[in-house]
Amino acid sequence: MPELQLDGLVGPSHNYAGLSLGNLAATANAGAVSAPRTAALQGLAKMRLVCGLGLPQGLLLPHDRPNLSLLRGLGFAGADPEVLKTAFAEDPALVALAWSASAMWTANAATVSPAADSADGRTHLSVANLATMPHRAQEWPATLAQLRLAFQDTRHFVVHPPVPPSFGDEGAANHMRLAPSHGAPGVEVFVYGENRGGRFPARQHARASAAVARRHRLSRFLLAAQADVAIEAGAFHNDVVAVANGPVLMAHEQAFADRNRLIDRLAREVPGFCLIEAPASELSLEDAVSSYLFNACLLSVEGGMALVLPREAETNASVWRWLQRVVQDPANPIHTLHVRDLRESMRNGGGPACLRLRVQLGEAALAAVDQRFLLDEAGLDKLERLIEAWWPKTIAPADLGNPDLMDQCRAARTALLDALGIAPAELGEV
Ligand code: SUG
C-alpha cells in the first residue's frame with residue numbers, strides 16, 4: 001500500500017520572525033533575512049527526491065498571506081495597503097504573525113488515521129487547531145478547506161474540523177503509527193506534553209489527542225507523554241526526537257516520559273516491532289535537536305527503508321557516526337541515507353518530516369484524491385519555473401510593512417492556483 005507524502009509548498013512570504021517560543025532555531029534566527037525562492041526550491045528538490053524513490057508525492061498550498069482579515073478583525077481599517085501600513089507602524093510583531101508562511105509544515109496540518117485502523121474502514125483526517133501559537137492558530141480554516149477539496153470522496157475519506165481550541169492539537173507531528181506494514185491494522189501512538197512550569201509550552205494536549213483517537217474510531221491506540229527534558233531541550237513536537245514507519249520506531253532515549261511502558265506495549269502489540277534507539281550517553285538531546293536527525297522522513301522503499309535527512313545531520317560528527325551504524329546494522333531495515341539541503345526551513349525549526357503529511361492509502365483511495373494535489377516530474381518542473389518567476393528572492397523584517405511585497409505575494413499565489421487549475425472559490429476564497 002502506498003504512502004502519499006503531502007508536502008507544504010513553501011509560501012512566498014516565508015520569513016524569520018521568531019514567533020515560536022520553545023522552537024530554538026526559529027527564535028535564534030528572529031530578524032534574519034529570509035530567501036523564500038530558495039526555500040521553496042529546496043522543498044521542491046526534496047519532493048523530487050521522494051518522487052524518484054517511487055512514492056506518490058503531492059502538495060498542500062501556501063495560505064493567503066498577509067492575513068488581512070486577522071488584522072481587520074483586530075480593528076485595523078481602510079484599503080488593504082492602509083491596513084498593512086497602519087498595523088505595521090503600530091505593532092510590527094502582530095503584522096509579522098499575519099505574514100507567517102508556517103502552513104508549509106504540513107506535519108502540523110492534520111492527524112491522519114488510515115482506513116485499516118478505523119472501525120468504519122475509511123481514512124480519517126482531523127485538522128489541527130494549532131491553538132498554542134497565535135501565528136499557527138490562524139491556519140486551520142484554510143487547511144480544512146484544502147483537505148476537504150483534496151479528500152472530498154466520502155466513500156474513502158472523512159475530514160474532521162479541529163477539536164475545540166481549549167485543547168491544543170498540533171497534528172501528525174505528535175502522532176506515530178506502528179504496524180507490520182502500511183496496509184495492516186496498526187497501533188497509533190499519540191504523544192502529548194504536560195505544562196508543568198517549564199520554560200517552554202507543551203503544545204499538544206492529552207485531551208486533544210484522545211479526542212482525535214475517538215473521532216477516528218480507533219480501537220488500538222495509546223497516549224504517551226513527552227519527557228519534560230525533551231521539551232526543555234527544544235523538542236516542541238515529538239517528531240523532533242522520534243520517527244516511526246511500519247514496525248520501526250527510531251527515537252532518542254529521552255523522548256518519552258515513560259519510555260519502558262511505551263516500548264513494552266509496542267513490543268507486545270506490533271508484530272516484528274523494531275526499536276532503533278539513540279542512547280543519551282552517545283547522543284545528547286541537544287545534538288538530536290540541533291541536527292534534526294529524528295525529523296527525517298523514514299520511508300518504505302524498494303528492499304527496505306530509507307531516511308531523508310537534513311544536511312545538519314551530516315555535519316554533526318556524532319550524529320553521522322550513529323547513523324552510519326544504523327544503516328550498517330542488519331537488525332533493522334534502513335539501508336539508505338539521503339541528505340538534502342533544507343536550510344531555509346530548518347532555520348525556522350522545520351525539517352524534512354515537518355514539511356510533509358503522510359497519508360497511507362490503498363490504490364482506489366489514492367485514485368479518489370483530487371489529482372490536482374498530486375505531483376509528477378512534469379508537475380515539479382512546472383512548479384520550479386513558477387517559483388523562479390514569482391517568489392520573492394529575499395524578505396527582511398522591514399519589508400513586512402511594504403504593500404508592494406503584499407502585492408507580490410498575492411500575485412505569486414494566484415499564479416500558483418492558476419497553474420494547478422484550482423479556483424479560489426473552491427477553497428472558499430472570494
Ligand atoms: O510551529 N516554526 C514552526 C515549525 C514547525 C515544525 N513542525 C514539526 N516539528 N512538525 C513551529 O514552531 C517559526 C515561524 C516564525 O518564527 O516566524 C515556526 O512557526
# chains A, B, ... in the order shown; residues from 1 in each chain; ligands from 1
call {"tool": "select_by_dssp", "arguments": {"residues": "stretch 123-341 of chain A", "states": "strand (DSSP E or B)", "output": "PyMOL selection string"}}
result
chain A and resi 123-127+157-160+175-178+187-192+218+221-226+242-245+248-252+256+274-278+297-301+304-310+334-340
call {"tool": "residues_around", "arguments": {"residues": "stretch 407-410 of chain A", "least_positions_apart": "5", "cutoff": "8 Å", "atoms": "only C-alpha atoms", "output": "list in words"}}
result
Pro12, Ser13, Asp64, Arg65, Trp390, Trp391 and Pro392 of chain A
call {"tool": "atom_distance", "arguments": {"atom1": "atom CA of A:Gln57", "atom2": "atom CA of A:Ala419"}}
result
17.3 Å
call {"tool": "residues_near_ligand", "arguments": {"ligand": "ligand 1", "cutoff": "9 Å", "atoms": "only C-alpha atoms and all ligand atoms", "output": "compact mmCIF listing (two decimals) with N, CA and C atoms, in the first residue's frame"}}
result
# COMPACT_ATOMS: atom_id res chain seq x y z
N HIS A 14 7.60 33.43 3.23
CA HIS A 14 8.50 32.79 4.20
C HIS A 14 9.47 33.81 4.81
N ASN A 15 9.44 33.92 6.13
CA ASN A 15 10.31 34.92 6.78
C ASN A 15 10.67 34.48 8.19
N TYR A 16 11.62 35.18 8.77
CA TYR A 16 12.11 34.80 10.11
C TYR A 16 11.67 35.83 11.16
N ALA A 17 10.58 35.51 11.84
CA ALA A 17 10.06 36.47 12.83
C ALA A 17 10.18 35.95 14.26
N GLY A 18 10.73 34.76 14.43
CA GLY A 18 10.96 34.25 15.78
C GLY A 18 9.69 34.08 16.59
N LEU A 19 8.68 33.51 15.95
CA LEU A 19 7.35 33.51 16.57
C LEU A 19 7.08 32.34 17.53
N SER A 20 7.93 31.31 17.47
CA SER A 20 7.60 30.09 18.22
C SER A 20 8.49 29.89 19.42
N LEU A 21 8.02 30.30 20.59
CA LEU A 21 8.77 30.08 21.82
C LEU A 21 8.93 28.56 22.02
N GLY A 22 10.15 28.14 22.32
CA GLY A 22 10.40 26.70 22.51
C GLY A 22 10.97 26.05 21.27
N ASN A 23 10.87 26.74 20.13
CA ASN A 23 11.48 26.28 18.88
C ASN A 23 12.80 27.04 18.76
N LEU A 24 13.89 26.35 19.12
CA LEU A 24 15.16 27.06 19.31
C LEU A 24 15.70 27.67 18.02
N ALA A 25 15.55 26.96 16.91
CA ALA A 25 16.06 27.50 15.65
C ALA A 25 15.30 28.77 15.27
N ALA A 26 13.97 28.71 15.39
CA ALA A 26 13.16 29.87 14.99
C ALA A 26 13.49 31.09 15.84
N THR A 27 13.64 30.91 17.14
CA THR A 27 13.90 32.09 17.98
C THR A 27 15.34 32.59 17.77
N ASN A 29 16.93 32.64 14.99
CA ASN A 29 17.05 33.33 13.70
C ASN A 29 16.10 34.51 13.54
N ALA A 30 15.44 34.89 14.62
CA ALA A 30 14.50 36.02 14.54
C ALA A 30 15.20 37.24 13.97
N ALA A 96 3.91 40.67 11.63
CA ALA A 96 4.76 39.52 11.28
C ALA A 96 3.96 38.23 11.38
N LEU A 97 3.15 38.18 12.39
CA LEU A 97 2.33 36.98 12.62
C LEU A 97 1.34 36.77 11.45
N TRP A 99 1.81 37.51 8.49
CA TRP A 99 2.57 37.14 7.27
C TRP A 99 3.06 35.71 7.30
N SER A 100 2.96 35.04 8.43
CA SER A 100 3.68 33.77 8.60
C SER A 100 3.33 32.76 7.51
N ALA A 101 4.37 32.12 6.99
CA ALA A 101 4.18 31.07 5.97
C ALA A 101 4.18 29.69 6.64
N SER A 102 3.86 29.66 7.94
CA SER A 102 4.04 28.43 8.71
C SER A 102 3.17 27.25 8.24
N ALA A 103 2.19 27.49 7.38
CA ALA A 103 1.39 26.37 6.87
C ALA A 103 2.25 25.41 6.04
N MET A 104 3.47 25.83 5.71
CA MET A 104 4.37 24.93 4.95
C MET A 104 4.66 23.65 5.71
N TRP A 105 4.58 23.68 7.08
CA TRP A 105 4.94 22.50 7.86
C TRP A 105 3.70 21.63 8.02
N THR A 106 3.42 20.85 6.99
CA THR A 106 2.14 20.14 6.93
C THR A 106 2.06 18.95 7.89
N ALA A 107 3.17 18.60 8.54
CA ALA A 107 3.06 17.60 9.62
C ALA A 107 2.15 18.14 10.71
N ASN A 108 1.94 19.45 10.72
CA ASN A 108 1.04 20.07 11.70
C ASN A 108 -0.34 20.39 11.11
N LEU A 130 -3.87 23.96 16.22
CA LEU A 130 -2.64 24.72 16.43
C LEU A 130 -2.86 25.91 17.37
N MET A 133 0.10 28.61 19.48
CA MET A 133 0.85 29.74 18.92
C MET A 133 -0.07 30.58 18.03
N HIS A 135 0.37 32.61 15.62
CA HIS A 135 0.62 32.63 14.17
C HIS A 135 0.19 31.32 13.52
N ARG A 136 0.11 30.26 14.31
CA ARG A 136 -0.30 28.98 13.73
C ARG A 136 -1.80 28.74 13.91
N GLU A 170 -1.56 19.67 17.57
CA GLU A 170 -0.55 20.05 16.56
C GLU A 170 -0.41 18.99 15.48
N GLY A 171 -1.40 18.08 15.42
CA GLY A 171 -1.46 17.18 14.27
C GLY A 171 -0.44 16.05 14.29
N ALA A 172 -0.10 15.61 13.07
CA ALA A 172 0.70 14.40 12.89
C ALA A 172 2.11 14.49 13.48
N ALA A 173 2.57 15.70 13.79
CA ALA A 173 3.90 15.84 14.38
C ALA A 173 3.98 15.15 15.74
N ASN A 174 2.83 14.90 16.35
CA ASN A 174 2.80 14.22 17.65
C ASN A 174 2.05 12.90 17.56
N ALA A 235 12.39 20.12 21.96
CA ALA A 235 11.52 19.22 21.19
C ALA A 235 10.08 19.70 21.35
N PHE A 236 9.76 20.78 20.63
CA PHE A 236 8.42 21.37 20.76
C PHE A 236 7.37 20.49 20.12
N HIS A 237 7.80 19.56 19.26
CA HIS A 237 6.93 18.50 18.75
C HIS A 237 7.68 17.18 18.91
N ASN A 238 6.93 16.10 19.07
CA ASN A 238 7.58 14.80 19.23
C ASN A 238 8.41 14.41 18.01
N ASP A 239 8.04 14.89 16.82
CA ASP A 239 8.79 14.46 15.63
C ASP A 239 10.19 15.06 15.54
N VAL A 240 10.57 15.83 16.58
CA VAL A 240 11.95 16.31 16.65
C VAL A 240 12.84 15.26 17.33
N ASN A 295 13.97 14.09 12.73
CA ASN A 295 12.96 14.71 11.88
C ASN A 295 13.15 14.26 10.42
N SER A 345 14.09 26.28 5.64
CA SER A 345 13.04 25.79 6.53
C SER A 345 13.61 25.41 7.89
N MET A 346 14.79 24.80 7.86
CA MET A 346 15.44 24.39 9.12
C MET A 346 15.68 25.59 10.04
N ARG A 347 15.98 26.73 9.46
CA ARG A 347 16.26 27.91 10.30
C ARG A 347 15.01 28.42 11.00
N ASN A 348 13.86 27.90 10.61
CA ASN A 348 12.63 28.20 11.35
C ASN A 348 12.17 26.96 12.13
N GLY A 349 13.08 25.98 12.25
CA GLY A 349 12.76 24.78 13.04
C GLY A 349 11.92 23.77 12.31
N GLY A 350 11.97 23.78 10.98
CA GLY A 350 11.17 22.82 10.20
C GLY A 350 12.05 21.93 9.34
N GLY A 351 12.16 20.66 9.68
CA GLY A 351 12.98 19.72 8.92
C GLY A 351 12.17 18.94 7.90
N PRO A 352 12.80 17.90 7.31
CA PRO A 352 12.13 17.11 6.26
C PRO A 352 10.77 16.56 6.70
N ALA A 353 10.68 16.04 7.93
CA ALA A 353 9.42 15.43 8.37
C ALA A 353 8.36 16.49 8.68
N CYS A 354 8.80 17.68 9.10
CA CYS A 354 7.82 18.75 9.37
C CYS A 354 7.12 19.17 8.08
N LEU A 355 7.86 19.04 6.98
CA LEU A 355 7.36 19.57 5.71
C LEU A 355 6.36 18.64 5.02
N ARG A 356 6.10 17.46 5.63
CA ARG A 356 5.18 16.56 4.92
C ARG A 356 4.14 15.91 5.85
call {"tool": "select_by_dssp", "arguments": {"residues": "stretch 196-296 of chain A", "states": "alpha helix (DSSP H)", "output": "tab-separated table (two decimals) with C-alpha atoms, in the first residue's frame"}}
result
chain	number	residue	atom	x	y	z
A	206	ALA	CA	-3.68	14.91	26.02
A	207	ARG	CA	-7.39	15.68	25.71
A	208	ALA	CA	-6.95	16.80	22.12
A	209	SER	CA	-5.09	13.59	21.31
A	210	ALA	CA	-7.77	11.47	22.96
A	211	ALA	CA	-10.47	13.36	21.07
A	212	VAL	CA	-8.78	12.69	17.72
A	213	ALA	CA	-8.47	8.97	18.53
A	214	ARG	CA	-12.17	8.90	19.50
A	215	ARG	CA	-13.30	10.67	16.32
A	228	ASP	CA	9.80	17.23	30.09
A	229	VAL	CA	13.57	17.20	29.42
A	230	ALA	CA	12.85	16.77	25.71
A	231	ILE	CA	10.53	19.80	25.62
A	232	GLU	CA	13.08	21.82	27.57
A	259	ARG	CA	9.89	5.00	27.84
A	260	ASN	CA	9.69	1.46	29.22
A	261	ARG	CA	5.93	1.31	29.32
A	262	LEU	CA	5.67	2.52	25.70
A	263	ILE	CA	8.33	0.15	24.37
A	264	ASP	CA	6.92	-2.86	26.26
A	265	ARG	CA	3.49	-2.25	24.89
A	266	LEU	CA	4.67	-1.80	21.30
A	267	ALA	CA	6.83	-4.91	21.57
A	268	ARG	CA	3.77	-6.86	22.71
A	269	GLU	CA	1.31	-5.43	20.19
A	285	LEU	CA	19.21	15.64	23.24
A	286	GLU	CA	20.94	18.87	22.23
A	287	ASP	CA	22.61	17.13	19.27
A	288	ALA	CA	19.33	15.47	18.33
A	289	VAL	CA	17.51	18.82	18.35
A	290	SER	CA	20.18	20.86	16.56
A	291	SER	CA	20.72	18.23	13.83
call {"tool": "atom_distance", "arguments": {"atom1": "atom CA of A:Pro114", "atom2": "atom CA of A:Gln254"}}
result
28.3 Å
call {"tool": "closest_atom_pairs", "arguments": {"of": "stretch 153-223 of chain A", "to": "stretch 366-379 of chain A", "cutoff": "10 Å", "atoms": "only C-alpha atoms", "output": "JSON lines"}}
result
{"residue": "A:Asp153", "atom": "CA", "partner": "A:Ala368", "partner_atom": "CA", "distance": 6.4}
{"residue": "A:Thr154", "atom": "CA", "partner": "A:Ala368", "partner_atom": "CA", "distance": 9.6}
{"residue": "A:Arg155", "atom": "CA", "partner": "A:Ala368", "partner_atom": "CA", "distance": 9.1}
{"residue": "A:His156", "atom": "CA", "partner": "A:Ala368", "partner_atom": "CA", "distance": 7.6}
{"residue": "A:Phe157", "atom": "CA", "partner": "A:Ala368", "partner_atom": "CA", "distance": 9.1}
call {"tool": "atom_distance", "arguments": {"atom1": "atom CA of A:Ala115", "atom2": "atom CA of A:Met1"}}
result
11.4 Å
call {"tool": "residues_around", "arguments": {"residues": "A:Gly168", "least_positions_apart": "5", "cutoff": "6 Å", "atoms": "only C-alpha atoms", "output": "ChimeraX atom specification"}}
result
/A:130-132,203-205
call {"tool": "write_last_selection", "arguments": {"atoms": "C-alpha atoms", "output": "PDB file, in the first residue's frame"}}
result
ATOM      1  CA  LEU A 130      -2.636  24.721  16.432  1.00  0.00           C
ATOM      2  CA  ALA A 131      -4.116  26.728  19.279  1.00  0.00           C
ATOM      3  CA  THR A 132      -0.935  27.327  21.282  1.00  0.00           C
ATOM      4  CA  ARG A 203       1.765  22.350  22.540  1.00  0.00           C
ATOM      5  CA  GLN A 204      -0.049  19.014  22.284  1.00  0.00           C
ATOM      6  CA  HIS A 205      -2.673  18.419  24.972  1.00  0.00           C
TER       7      HIS A 205
END
call {"tool": "closest_residue", "arguments": {"among": "A:Ala128, A:Leu386, A:Val359, A:Leu144", "to": "A:Leu41", "atoms": "only C-alpha atoms"}}
result
A:Leu386
call {"tool": "closest_residue", "arguments": {"among": "A:Ala142, A:Leu357, A:Ala150, A:Ile387", "to": "A:Ala40", "atoms": "only C-alpha atoms"}}
result
A:Ile387
call {"tool": "decode", "arguments": {"residues": "stretch 146-202 of chain A", "atoms": "C-alpha atoms", "output": "compact mmCIF listing (two decimals), in the first residue's frame"}}
result
# COMPACT_ATOMS: atom_id res chain seq x y z
CA GLN A 146 -7.87 22.33 1.17
CA LEU A 147 -8.27 18.93 2.79
CA ARG A 148 -12.00 18.97 2.09
CA LEU A 149 -11.24 19.64 -1.55
CA ALA A 150 -8.42 17.11 -1.87
CA PHE A 151 -10.21 14.36 0.06
CA GLN A 152 -13.82 15.01 -0.84
CA ASP A 153 -14.80 11.45 -1.76
CA THR A 154 -16.72 10.36 1.33
CA ARG A 155 -16.61 6.70 0.31
CA HIS A 156 -12.94 6.78 1.24
CA PHE A 157 -12.32 9.80 3.45
CA VAL A 158 -13.64 11.63 6.49
CA VAL A 159 -12.20 15.12 7.05
CA HIS A 160 -12.88 16.38 10.57
CA PRO A 161 -12.74 20.02 11.66
CA PRO A 162 -10.35 20.80 14.53
CA VAL A 163 -11.07 19.88 18.13
CA PRO A 164 -12.09 22.92 20.22
CA PRO A 165 -9.17 25.32 20.83
CA SER A 166 -9.30 24.85 24.60
CA PHE A 167 -7.09 21.84 23.93
CA GLY A 168 -4.08 22.38 21.71
CA ASP A 169 -3.62 19.96 18.84
CA GLU A 170 -0.55 20.05 16.56
CA GLY A 171 -1.46 17.18 14.27
CA ALA A 172 0.70 14.40 12.89
CA ALA A 173 3.90 15.84 14.38
CA ASN A 174 2.80 14.22 17.65
CA HIS A 175 1.36 11.05 16.18
CA MET A 176 3.07 7.83 15.15
CA ARG A 177 1.70 4.66 13.70
CA LEU A 178 3.30 1.28 14.13
CA ALA A 179 2.16 -1.67 12.05
CA PRO A 180 3.71 -4.69 10.35
CA SER A 181 3.02 -2.92 7.03
CA HIS A 182 1.14 0.17 5.81
CA GLY A 183 -1.92 -1.87 4.84
CA ALA A 184 -2.21 -3.89 8.06
CA PRO A 185 -4.06 -2.64 11.15
CA GLY A 186 -1.69 -0.75 13.42
CA VAL A 187 -1.25 0.77 16.85
CA GLU A 188 -1.44 4.56 16.80
CA VAL A 189 0.64 6.43 19.37
CA PHE A 190 -0.49 9.91 20.36
CA VAL A 191 2.28 11.83 22.12
CA TYR A 192 1.33 14.78 24.30
CA GLY A 193 3.11 17.22 26.58
CA GLU A 194 2.29 18.45 30.04
CA ASN A 195 2.69 22.05 31.14
CA ARG A 196 4.49 21.77 34.45
CA GLY A 197 6.06 25.19 34.68
CA GLY A 198 8.93 24.60 32.24
CA ARG A 199 10.41 27.37 30.12
CA PHE A 200 8.54 26.26 27.02
CA PRO A 201 4.87 25.48 26.39
CA ALA A 202 3.68 21.92 25.78
